[in-house]
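Each remark here refers to the structure printed beneath this line.
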Amino acid sequence: MTETNGTKVSTSKLHGLWALTNRELKKWYKAPVVFMLTLIQPIIWLGLLGNALNLGSLVSSSSLTISPQAISSLQLTTAQVAGLQSIFSSIGSSILQNTFGTTSYISFMAVGMIAFTALFTTMFSGMSVVWDRRLGFLNKALSTPVSRAAIILSKVLSATLRSMFQAAIILIIAIPFGFTFGSAFTPLNILGVFLFLFLICIGLSSLFIAINIRSTRIETPMAVMNLLNLPLTFASSAFFPVDRMPGWLQTVANINPLSYTIDGCRQLLINTTIDFGKLAFQYAYVGIFAAILATAGIILSWRYLNK
Amino acid sequence: MSENSDVIIAEGLTKVFNGGLVAVNHINFNVKHGEIFGFLGPNGAGKTTTINMLITLLKPTEGTANILGHDISKDADAVRYGIGVVPQEYTADEDLTGLENIMLCADLYGIPHGISKKRAQDLLTLVELTNFKDKKVQTFSGGMRRRLELACGLINRPKVLFLDEPTLGLDVQTRAATWNYIKTLKKEFGMTLFMTTHYLEEADSLCDRIAIIDHGKIVTVGTPTELKDSLGGDIITLSIQTEENITELIKTVQHVKETKLENGTYTIKTESAEVTAPLIIEAIRKEGHVVTKLSLTKPTLNEVYLQYTGKSMRDAADESKDSMFAHRAMMRRSHA
């Protein structure tokens, strides 16, 4: 605390951080339409795309019918037909289990969606810097003694909190759509998922803020974001397992930190067993990504704001 | 800070943008405690760049300024605590309410809520926005938004308030109302005001002292009266019925300083037109001539501006339009 203009004021390096973060969050939780849309979006994704892309249905027992000709020529009894169907079905399940790590594609996709939502939320948060600049808010904040770091961190923090909340919503909404937790799941694992999200959001939003902070027009960052979001989403394990991809795409997906986030979250949420060695590596990978990008992003932005 | 000392001292303040555009070129000026100091000049003259350096948004390329005893380059945070800023744009967050915006500003200054809540209410009352404090800013009119910016700029009880074109884009009535608020607030808080404007009448009626800036340089500084007096007084223009040249006759009249005949119209310079004009008419009548037209002109800042920059404010504004675009583009690039 120090005395300026006759008032005791806080001189903490991070004063104003929560006020700025809350400003971002208010634009979301105080706007009923925006807030509802963030709830409706996962319903559309899971309801429409989850069913349309439901690869599991290709190999389920109901999609396997044995033609009457085949039954009569092989002289199969009803019991034998049922037996064959159940064999096919169990082959199908094991294919699903081997490919997706779970027998439910909806569960597989829901976890992918969590990461996908984190990617989009951080992208938009990054773009909001451009608006703050255009509308003069950034300059006004810069003319106050609030620390430049707090201005940047508020963007990172608000995107992270929002992503974490939306992830929880997606999981809750996914349950009526058939989301099933894996046998290795315990409620404590949710905290692990949040840790993954926390790390990836910090990394991604620092990256996007650093990209956007120099920009005075919205078109440039939009082009950059469009360029980045498809490869980041589809060259990851979000909607399809990496080991089924062509070799070159696997290379990209294996660098993409989203893959590690998603695979880690899948281990915690839907897989039957957790490989703790792998999990530790996934945390380390995402953690290092976050640390590097956050440091670089915050230093770059901070330098720019101090010009 | 004593009452007589200078609140702002600029020494060789210079800003060169990356493209080589010299926006502000080695300017020096002092702003005294408690005065309203106006920066007058056309768009693109360097007013906003100067203010942006003073409010610590831009680092000077050369030179420096000292505000309230703190160097703007070395001790930016101390400067920021002591000043208030009312920017040219409407910067309040449209998605938040009026009160939320003021509280956000308070938090940016680190003012504890115990104090800022009370202060925000007082400021809202002062700018007459209490009834709208819980309405989102996107529903506010231009005048209301300007008042909200004023309230935000005052939340830290600044000793110096910077106003960048505070009435730009407002209609005449709202402009007058805005100035009433500013004057009330100044009286209330005993602040020093530094403002930029390109409205000559505003600068004339409000500012204690004015600096005219053109092409990044200060061409003259003084009180509005001093500046106008520096032109050598009032101007009388008259014509008479006949073609006869009576220049010599007019020159003999008391108080007349200079007389010129152009296209049948005499332009006469004098200390005070009201006193001299009757004397001239009297003298002309005595010689049997009839005055057909007469007008008295008090010099305005536009004439001052014309004198110091070689063009009237309006011409300068038109001419600078192109250079302003170039300037804006340059600024954009310098940020890229």
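By convention here, the chains of the structure tokens are called A, B, ... in the order presented, each chain's residues are numbered starting at 1, and ligands are numbered starting at 1 in the order presented.
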Nearby residues (only C-alpha atoms) at most 12 Å from segment 183-185 of chain A, same-chain spacing under 5 positions excluded, as a PyMOL selection string: chain A and resi 101-103+190-193+265-276
Convert the current residue selection to file output with N, CA and C atoms, as a short mmCIF file (atom, residue, chain, number, x, y, z; two decimals), in the first residue's frame.
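Saved the output as out-v1.cif:
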data_model
loop_
_atom_site.label_atom_id
_atom_site.label_comp_id
_atom_site.auth_asym_id
_atom_site.auth_seq_id
_atom_site.Cartn_x
_atom_site.Cartn_y
_atom_site.Cartn_z
N GLY A 101 -9.86 -47.03 -27.60
CA GLY A 101 -9.61 -47.17 -26.17
C GLY A 101 -10.89 -47.23 -25.36
N THR A 102 -12.03 -47.27 -26.04
CA THR A 102 -13.32 -47.41 -25.37
C THR A 102 -14.29 -47.97 -26.39
N THR A 103 -15.38 -48.56 -25.93
CA THR A 103 -16.33 -49.10 -26.90
C THR A 103 -17.34 -48.05 -27.32
N ILE A 190 -11.17 -36.05 -12.39
CA ILE A 190 -11.67 -34.79 -12.94
C ILE A 190 -10.64 -33.67 -12.69
N LEU A 191 -10.06 -33.69 -11.50
CA LEU A 191 -9.04 -32.68 -11.19
C LEU A 191 -7.86 -32.80 -12.14
N GLY A 192 -7.52 -34.05 -12.45
CA GLY A 192 -6.43 -34.28 -13.41
C GLY A 192 -6.75 -33.70 -14.77
N VAL A 193 -8.02 -33.85 -15.19
CA VAL A 193 -8.45 -33.30 -16.48
C VAL A 193 -8.34 -31.78 -16.45
N CYS A 265 -6.39 -36.87 -21.10
CA CYS A 265 -7.75 -36.79 -20.57
C CYS A 265 -8.51 -38.09 -20.81
N ARG A 266 -8.26 -38.73 -21.95
CA ARG A 266 -8.93 -40.01 -22.24
C ARG A 266 -8.49 -41.07 -21.25
N GLN A 267 -7.21 -41.07 -20.94
CA GLN A 267 -6.74 -42.04 -19.95
C GLN A 267 -7.49 -41.84 -18.64
N LEU A 268 -7.63 -40.57 -18.26
CA LEU A 268 -8.24 -40.27 -16.96
C LEU A 268 -9.74 -40.54 -16.95
N LEU A 269 -10.39 -40.37 -18.13
CA LEU A 269 -11.85 -40.41 -18.13
C LEU A 269 -12.45 -41.69 -18.67
N ILE A 270 -11.94 -42.20 -19.82
CA ILE A 270 -12.70 -43.27 -20.48
C ILE A 270 -11.94 -44.57 -20.67
N ASN A 271 -10.65 -44.56 -20.43
CA ASN A 271 -9.92 -45.81 -20.67
C ASN A 271 -10.12 -46.80 -19.53
N THR A 272 -9.86 -48.09 -19.86
CA THR A 272 -10.06 -49.13 -18.84
C THR A 272 -8.86 -49.22 -17.90
N THR A 273 -7.69 -48.84 -18.41
CA THR A 273 -6.52 -48.84 -17.54
C THR A 273 -5.78 -47.51 -17.72
N ILE A 274 -5.06 -47.10 -16.70
CA ILE A 274 -4.26 -45.88 -16.81
C ILE A 274 -2.78 -46.28 -16.79
N ASP A 275 -2.07 -45.87 -17.84
CA ASP A 275 -0.63 -46.10 -17.88
C ASP A 275 0.04 -44.87 -17.26
N PHE A 276 0.47 -45.01 -16.01
CA PHE A 276 0.93 -43.83 -15.28
C PHE A 276 2.22 -43.23 -15.87
#
Selection: 8 Å around Val85 of chain B, only C-alpha atoms, excl. self and same-chain fewer than 4 positions, as a list in words: Lys140 and Ser143 of chain A; Ile55, Gly153, Leu154, Leu161, Phe162 and Leu163 of chain B
Selected residue, from B:Leu168, B:Val275, B:Glu35, B:Lys251, that lies nearest to Lys186 of chain B when counting only C-alpha atoms: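 So, comparing all the options, the nearest one is B:Glu35.
Residues lying within 10 Å of Ile27 of chain B, counting only C-alpha atoms and ignoring same-chain neighbours fewer than 5 positions away, are Ala10, Glu11, Gly12, Leu13, Thr14, Lys15, Thr50, Gly63, Thr64, Ala65, Ile213, Gly216, Lys217, Ile218 and Val219 of chain B.
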Mind dumping the selected residues with C-alpha atoms as a PDB file, in the first residue's frame?
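In the end it all went to selection-v1.pdb:
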ATOM      1  CA  ALA B  10       8.680  19.166 -21.513  1.00  0.00           C
ATOM      2  CA  GLU B  11      12.248  19.430 -22.738  1.00  0.00           C
ATOM      3  CA  GLY B  12      13.155  18.628 -26.317  1.00  0.00           C
ATOM      4  CA  LEU B  13      10.328  16.107 -26.481  1.00  0.00           C
ATOM      5  CA  THR B  14      10.578  14.259 -29.793  1.00  0.00           C
ATOM      6  CA  LYS B  15       8.861  11.292 -31.378  1.00  0.00           C
ATOM      7  CA  THR B  50       2.487  14.529 -27.597  1.00  0.00           C
ATOM      8  CA  GLY B  63      14.066  14.454 -24.915  1.00  0.00           C
ATOM      9  CA  THR B  64      11.746  13.913 -22.000  1.00  0.00           C
ATOM     10  CA  ALA B  65       9.052  15.446 -19.869  1.00  0.00           C
ATOM     11  CA  ILE B 213       1.504  23.237 -32.787  1.00  0.00           C
ATOM     12  CA  GLY B 216       5.318  18.665 -34.873  1.00  0.00           C
ATOM     13  CA  LYS B 217       6.677  22.000 -33.676  1.00  0.00           C
ATOM     14  CA  ILE B 218       5.309  24.550 -31.234  1.00  0.00           C
ATOM     15  CA  VAL B 219       5.077  27.789 -33.180  1.00  0.00           C
TER      16      VAL B 219
END
Counting only C-alpha atoms, chain B residues within 10 Å of chain A, as number ranges by chain: B: 52, 54-60, 76-96, 100-101, 103-112, 115-116, 152-153, 156-159, 332-336
Write the selection just made, keeping C-alpha atoms, as a compact mmCIF listing (two decimals), in the first residue's frame?
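Full text of again24.txt as output:
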# COMPACT_ATOMS: atom_id res chain seq x y z
CA ASN B 52 0.45 9.91 -25.67
CA LEU B 54 2.95 12.54 -21.62
CA ILE B 55 0.51 9.87 -20.45
CA THR B 56 3.27 7.24 -20.85
CA LEU B 57 1.75 5.33 -23.77
CA LEU B 58 4.60 6.14 -26.12
CA LYS B 59 8.26 6.40 -25.26
CA PRO B 60 9.88 9.60 -26.55
CA ALA B 76 6.29 6.01 -15.64
CA ASP B 77 4.30 4.32 -12.86
CA ALA B 78 4.63 7.32 -10.54
CA VAL B 79 3.35 9.54 -13.37
CA ARG B 80 0.45 7.15 -14.01
CA TYR B 81 -0.69 7.29 -10.38
CA GLY B 82 -0.82 11.09 -10.47
CA ILE B 83 -2.61 11.70 -13.76
CA GLY B 84 -6.06 11.13 -15.19
CA VAL B 85 -6.76 10.55 -18.86
CA VAL B 86 -9.86 11.24 -20.91
CA PRO B 87 -9.02 9.77 -24.28
CA GLN B 88 -10.25 10.82 -27.69
CA GLU B 89 -12.17 7.59 -28.25
CA TYR B 90 -14.99 6.18 -26.17
CA THR B 91 -13.01 3.53 -24.34
CA ALA B 92 -15.59 2.35 -21.82
CA ASP B 93 -16.50 -1.30 -22.20
CA GLU B 94 -19.89 -1.42 -23.90
CA ASP B 95 -20.80 -4.76 -22.39
CA LEU B 96 -20.43 -3.46 -18.84
CA GLU B 100 -18.91 -1.40 -13.55
CA ASN B 101 -16.74 0.64 -15.88
CA MET B 103 -15.15 0.43 -10.69
CA LEU B 104 -12.91 -1.26 -13.25
CA CYS B 105 -10.95 1.98 -13.63
CA ALA B 106 -10.69 2.23 -9.84
CA ASP B 107 -9.30 -1.31 -9.68
CA LEU B 108 -6.73 -0.49 -12.34
CA TYR B 109 -5.44 2.20 -9.97
CA GLY B 110 -5.52 -0.23 -7.06
CA ILE B 111 -7.99 1.88 -5.06
CA PRO B 112 -9.54 -0.20 -2.28
CA ILE B 115 -13.01 4.11 -0.99
CA SER B 116 -13.77 3.58 -4.66
CA CYS B 152 -13.36 7.27 -15.14
CA GLY B 153 -10.53 9.74 -15.67
CA ASN B 156 -7.94 8.43 -8.83
CA ARG B 157 -8.33 12.14 -7.95
CA PRO B 158 -5.63 13.11 -10.45
CA LYS B 159 -3.58 16.27 -10.03
CA ARG B 332 0.01 1.44 -37.40
CA ARG B 333 3.18 0.17 -38.99
CA SER B 334 5.26 1.29 -36.09
CA HIS B 335 3.12 -0.89 -33.87
CA ALA B 336 3.39 -3.85 -36.19
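Atom CA of Pro231 of chain A sits 8.6 Å away from atom CA of Val252 of chain A.
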Every residue of segment 35-271 of chain B that DSSP places in helix (DSSP H, G or I), as a PyMOL selection string: chain B and resi 47-54+76-82+98-108+113-126+130-132+137-139+142-154+172-189+200-206+224-229+247-251
Polymer residues at most 8 Å from Met123 of chain A, only C-alpha atoms, same-chain spacing of 3 or more positions, as JSON, numbers by chain: {"A": [119, 120, 126, 127, 204, 205, 208, 225]}
Residue list (strand (DSSP E or B), DSSP) for segment 98-258 of chain B, as an MDAnalysis selection string: chainID B and resid 136 160:164 192:197 209:214 217:222 234:240 256:258
Selection above as a file: N, CA and C atoms, as an mmCIF file, in the first residue's frame:
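The resulting file, again_12.cif, is reproduced below:
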data_model
loop_
_atom_site.group_PDB
_atom_site.id
_atom_site.type_symbol
_atom_site.label_atom_id
_atom_site.label_comp_id
_atom_site.auth_asym_id
_atom_site.auth_seq_id
_atom_site.Cartn_x
_atom_site.Cartn_y
_atom_site.Cartn_z
ATOM 1 N N LYS B 136 -26.201 -0.856 -19.389
ATOM 2 C CA LYS B 136 -25.005 -1.143 -20.176
ATOM 3 C C LYS B 136 -24.610 0.078 -21.004
ATOM 4 N N VAL B 160 -3.289 16.125 -12.420
ATOM 5 C CA VAL B 160 -3.309 16.637 -13.790
ATOM 6 C C VAL B 160 -4.273 15.776 -14.582
ATOM 7 N N LEU B 161 -5.166 16.416 -15.308
ATOM 8 C CA LEU B 161 -6.092 15.662 -16.147
ATOM 9 C C LEU B 161 -5.774 15.956 -17.612
ATOM 10 N N PHE B 162 -5.569 14.890 -18.366
ATOM 11 C CA PHE B 162 -5.293 15.039 -19.796
ATOM 12 C C PHE B 162 -6.567 14.775 -20.575
ATOM 13 N N LEU B 163 -6.934 15.714 -21.429
ATOM 14 C CA LEU B 163 -8.132 15.563 -22.242
ATOM 15 C C LEU B 163 -7.720 15.655 -23.701
ATOM 16 N N ASP B 164 -7.917 14.557 -24.426
ATOM 17 C CA ASP B 164 -7.541 14.555 -25.831
ATOM 18 C C ASP B 164 -8.800 14.790 -26.667
ATOM 19 N N THR B 192 -4.952 20.603 -12.613
ATOM 20 C CA THR B 192 -4.367 21.243 -13.781
ATOM 21 C C THR B 192 -4.900 20.473 -14.984
ATOM 22 N N LEU B 193 -5.293 21.177 -16.035
ATOM 23 C CA LEU B 193 -5.814 20.485 -17.208
ATOM 24 C C LEU B 193 -4.889 20.699 -18.398
ATOM 25 N N PHE B 194 -4.625 19.602 -19.087
ATOM 26 C CA PHE B 194 -3.885 19.690 -20.342
ATOM 27 C C PHE B 194 -4.810 19.140 -21.407
ATOM 28 N N MET B 195 -5.153 19.962 -22.405
ATOM 29 C CA MET B 195 -6.094 19.470 -23.401
ATOM 30 C C MET B 195 -5.607 19.749 -24.819
ATOM 31 N N THR B 196 -6.038 18.899 -25.719
ATOM 32 C CA THR B 196 -5.782 19.182 -27.130
ATOM 33 C C THR B 196 -7.131 19.471 -27.774
ATOM 34 N N THR B 197 -7.122 20.301 -28.764
ATOM 35 C CA THR B 197 -8.372 20.588 -29.469
ATOM 36 C C THR B 197 -8.042 21.158 -30.835
ATOM 37 N N ARG B 209 -3.731 29.221 -21.169
ATOM 38 C CA ARG B 209 -2.644 29.428 -22.126
ATOM 39 C C ARG B 209 -2.774 28.417 -23.246
ATOM 40 N N ILE B 210 -2.260 28.808 -24.399
ATOM 41 C CA ILE B 210 -2.388 27.981 -25.591
ATOM 42 C C ILE B 210 -1.027 27.829 -26.247
ATOM 43 N N ALA B 211 -0.744 26.607 -26.685
ATOM 44 C CA ALA B 211 0.422 26.401 -27.540
ATOM 45 C C ALA B 211 -0.102 26.018 -28.910
ATOM 46 N N ILE B 212 0.350 26.701 -29.940
ATOM 47 C CA ILE B 212 -0.055 26.327 -31.294
ATOM 48 C C ILE B 212 1.008 25.408 -31.863
ATOM 49 N N ILE B 213 0.566 24.235 -32.283
ATOM 50 C CA ILE B 213 1.504 23.237 -32.787
ATOM 51 C C ILE B 213 1.201 22.971 -34.254
ATOM 52 N N ASP B 214 2.255 22.932 -35.044
ATOM 53 C CA ASP B 214 2.094 22.690 -36.473
ATOM 54 C C ASP B 214 3.287 21.876 -36.958
ATOM 55 N N LYS B 217 5.930 20.968 -34.396
ATOM 56 C CA LYS B 217 6.677 22.000 -33.676
ATOM 57 C C LYS B 217 5.722 22.994 -33.032
ATOM 58 N N ILE B 218 6.119 23.499 -31.850
ATOM 59 C CA ILE B 218 5.309 24.550 -31.234
ATOM 60 C C ILE B 218 5.705 25.869 -31.872
ATOM 61 N N VAL B 219 4.729 26.553 -32.498
ATOM 62 C CA VAL B 219 5.077 27.789 -33.180
ATOM 63 C C VAL B 219 4.931 29.003 -32.278
ATOM 64 N N THR B 220 4.031 28.915 -31.297
ATOM 65 C CA THR B 220 3.931 30.011 -30.331
ATOM 66 C C THR B 220 3.178 29.544 -29.095
ATOM 67 N N VAL B 221 3.463 30.186 -27.959
ATOM 68 C CA VAL B 221 2.755 29.885 -26.713
ATOM 69 C C VAL B 221 2.346 31.196 -26.066
ATOM 70 N N GLY B 222 1.158 31.236 -25.482
ATOM 71 C CA GLY B 222 0.756 32.436 -24.759
ATOM 72 C C GLY B 222 -0.688 32.352 -24.330
ATOM 73 N N ASP B 234 -6.857 45.365 -33.557
ATOM 74 C CA ASP B 234 -8.071 45.090 -34.322
ATOM 75 C C ASP B 234 -7.941 45.570 -35.763
ATOM 76 N N ILE B 235 -8.901 45.156 -36.566
ATOM 77 C CA ILE B 235 -8.887 45.550 -37.975
ATOM 78 C C ILE B 235 -10.216 46.201 -38.335
ATOM 79 N N ILE B 236 -10.121 47.363 -38.995
ATOM 80 C CA ILE B 236 -11.318 48.033 -39.494
ATOM 81 C C ILE B 236 -11.252 47.975 -41.016
ATOM 82 N N THR B 237 -12.318 47.542 -41.643
ATOM 83 C CA THR B 237 -12.353 47.604 -43.106
ATOM 84 C C THR B 237 -13.485 48.552 -43.483
ATOM 85 N N LEU B 238 -13.213 49.424 -44.472
ATOM 86 C CA LEU B 238 -14.275 50.330 -44.907
ATOM 87 C C LEU B 238 -14.124 50.691 -46.377
ATOM 88 N N SER B 239 -15.210 51.114 -46.955
ATOM 89 C CA SER B 239 -15.163 51.636 -48.329
ATOM 90 C C SER B 239 -15.894 52.971 -48.350
ATOM 91 N N ILE B 240 -15.525 53.825 -49.314
ATOM 92 C CA ILE B 240 -16.217 55.110 -49.464
ATOM 93 C C ILE B 240 -16.825 55.195 -50.858
ATOM 94 N N VAL B 256 -4.497 55.098 -35.513
ATOM 95 C CA VAL B 256 -4.363 54.253 -36.704
ATOM 96 C C VAL B 256 -2.905 53.833 -36.874
ATOM 97 N N LYS B 257 -2.688 52.547 -37.039
ATOM 98 C CA LYS B 257 -1.318 52.049 -37.140
ATOM 99 C C LYS B 257 -0.905 51.818 -38.583
ATOM 100 N N GLU B 258 -1.845 51.298 -39.385
ATOM 101 C CA GLU B 258 -1.475 50.880 -40.718
ATOM 102 C C GLU B 258 -2.712 50.964 -41.603
#
Residue with smallest distance to Phe116 of chain A - pool A:Phe198, A:Phe177, A:Phe100, A:Phe239, counting only C-alpha atoms: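 The shortest atom-to-atom distance to Phe116 of chain A comes from A:Phe239.
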Determine, counting only C-alpha atoms, which protein, DNA and RNA residues have an atom within 7 Å of an atom of Val7 of chain B; residues of the same chain fewer than 2 positions away are not included. Present the result as an mmCIF file with N, CA and C atoms, in the first residue's frame.
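Saved as selection-v2.cif:
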data_model
loop_
_atom_site.group_PDB
_atom_site.id
_atom_site.type_symbol
_atom_site.label_atom_id
_atom_site.label_comp_id
_atom_site.auth_asym_id
_atom_site.auth_seq_id
_atom_site.Cartn_x
_atom_site.Cartn_y
_atom_site.Cartn_z
ATOM 1 N N SER B 5 4.778 26.112 -8.848
ATOM 2 C CA SER B 5 5.739 25.368 -9.667
ATOM 3 C C SER B 5 5.064 24.798 -10.911
ATOM 4 N N ILE B 9 6.789 19.781 -17.370
ATOM 5 C CA ILE B 9 7.915 20.444 -18.022
ATOM 6 C C ILE B 9 8.375 19.522 -19.151
ATOM 7 N N VAL B 31 3.735 23.702 -18.091
ATOM 8 C CA VAL B 31 2.348 23.911 -17.707
ATOM 9 C C VAL B 31 2.335 24.230 -16.225
ATOM 10 N N LYS B 32 1.699 25.367 -15.887
ATOM 11 C CA LYS B 32 1.712 25.814 -14.487
ATOM 12 C C LYS B 32 0.613 25.140 -13.691
ATOM 13 N N HIS B 33 0.812 25.106 -12.398
ATOM 14 C CA HIS B 33 -0.170 24.507 -11.510
ATOM 15 C C HIS B 33 -1.522 25.204 -11.647
ATOM 16 N N ILE B 67 6.498 15.186 -15.139
ATOM 17 C CA ILE B 67 5.131 15.493 -14.701
ATOM 18 C C ILE B 67 5.048 15.276 -13.197
ATOM 19 N N LEU B 68 4.627 16.289 -12.467
ATOM 20 C CA LEU B 68 4.502 16.217 -11.012
ATOM 21 C C LEU B 68 5.805 15.753 -10.371
#
Which of A:Pro257, A:Gly83, A:Pro246, A:Gly264 sits closest to Gly203 of chain A [using only C-alpha atoms]: A:Pro257
Distance query Asp243 of chain A at most 12 Å, only C-alpha atoms, self and fewer than 6 positions along chain excluded, as number ranges by chain: A: 98-101, 235-237, 249-254, 259
Pull C-alpha atoms from the residues just selected and write them as an mmCIF file, in the first residue's frame.
data_model
loop_
_atom_site.group_PDB
_atom_site.id
_atom_site.type_symbol
_atom_site.label_atom_id
_atom_site.label_comp_id
_atom_site.auth_asym_id
_atom_site.auth_seq_id
_atom_site.Cartn_x
_atom_site.Cartn_y
_atom_site.Cartn_z
ATOM 1 C CA ASN A 98 -8.361 -51.265 -29.716
ATOM 2 C CA THR A 99 -8.924 -48.269 -31.947
ATOM 3 C CA PHE A 100 -10.482 -45.765 -29.564
ATOM 4 C CA GLY A 101 -9.609 -47.167 -26.170
ATOM 5 C CA ALA A 235 -3.921 -33.298 -36.850
ATOM 6 C CA SER A 236 -4.588 -34.339 -33.280
ATOM 7 C CA SER A 237 -6.303 -37.233 -31.637
ATOM 8 C CA LEU A 249 -0.021 -36.739 -40.406
ATOM 9 C CA GLN A 250 1.034 -38.855 -37.442
ATOM 10 C CA THR A 251 4.252 -36.854 -37.260
ATOM 11 C CA VAL A 252 2.271 -33.611 -37.048
ATOM 12 C CA ALA A 253 -0.199 -35.074 -34.559
ATOM 13 C CA ASN A 254 2.639 -36.359 -32.418
ATOM 14 C CA SER A 259 -2.973 -34.727 -28.855
#
Contacts of segment 288-299 of chain A within 9 Å, only C-alpha atoms, excl. fewer than 4 positions in-chain, as a list in words: Ala149, Ile152, Leu153, Leu199, Ile200, Cys201, Ile202, Gly203, Leu204, Ser205, Ser206, Leu207, Phe208, Ile209, Ala210, Ile211, Pro257, Tyr283, Ala284, Arg303 and Tyr304 of chain A
May I have the residues from that selection written out with C-alpha atoms, as a PDB file, in the first residue's frame?
ATOM      1  CA  ALA A 149       1.679  -8.279 -17.100  1.00  0.00           C
ATOM      2  CA  ILE A 152      -1.911 -10.007 -20.546  1.00  0.00           C
ATOM      3  CA  LEU A 153      -2.474 -12.462 -17.710  1.00  0.00           C
ATOM      4  CA  LEU A 199      -1.849 -26.122 -18.833  1.00  0.00           C
ATOM      5  CA  ILE A 200      -2.958 -26.261 -22.455  1.00  0.00           C
ATOM      6  CA  CYS A 201      -5.077 -23.099 -22.130  1.00  0.00           C
ATOM      7  CA  ILE A 202      -2.220 -21.148 -20.608  1.00  0.00           C
ATOM      8  CA  GLY A 203       0.055 -22.211 -23.454  1.00  0.00           C
ATOM      9  CA  LEU A 204      -2.451 -21.630 -26.247  1.00  0.00           C
ATOM     10  CA  SER A 205      -3.815 -18.314 -25.048  1.00  0.00           C
ATOM     11  CA  SER A 206      -0.328 -16.892 -24.507  1.00  0.00           C
ATOM     12  CA  LEU A 207       0.469 -17.916 -28.071  1.00  0.00           C
ATOM     13  CA  PHE A 208      -2.670 -16.339 -29.516  1.00  0.00           C
ATOM     14  CA  ILE A 209      -2.284 -13.126 -27.532  1.00  0.00           C
ATOM     15  CA  ALA A 210       1.298 -12.741 -28.718  1.00  0.00           C
ATOM     16  CA  ILE A 211       0.119 -13.261 -32.298  1.00  0.00           C
ATOM     17  CA  PRO A 257       0.242 -30.617 -27.750  1.00  0.00           C
ATOM     18  CA  TYR A 283       1.627 -33.962 -18.317  1.00  0.00           C
ATOM     19  CA  ALA A 284       5.285 -33.163 -18.843  1.00  0.00           C
ATOM     20  CA  ARG A 303       7.853  -5.890 -24.354  1.00  0.00           C
ATOM     21  CA  TYR A 304       5.454  -4.641 -26.929  1.00  0.00           C
TER      22      TYR A 304
END
d(atom CA of Leu21 of chain B, atom CA of Tyr305 of chain B) in Å: 23.4 Å
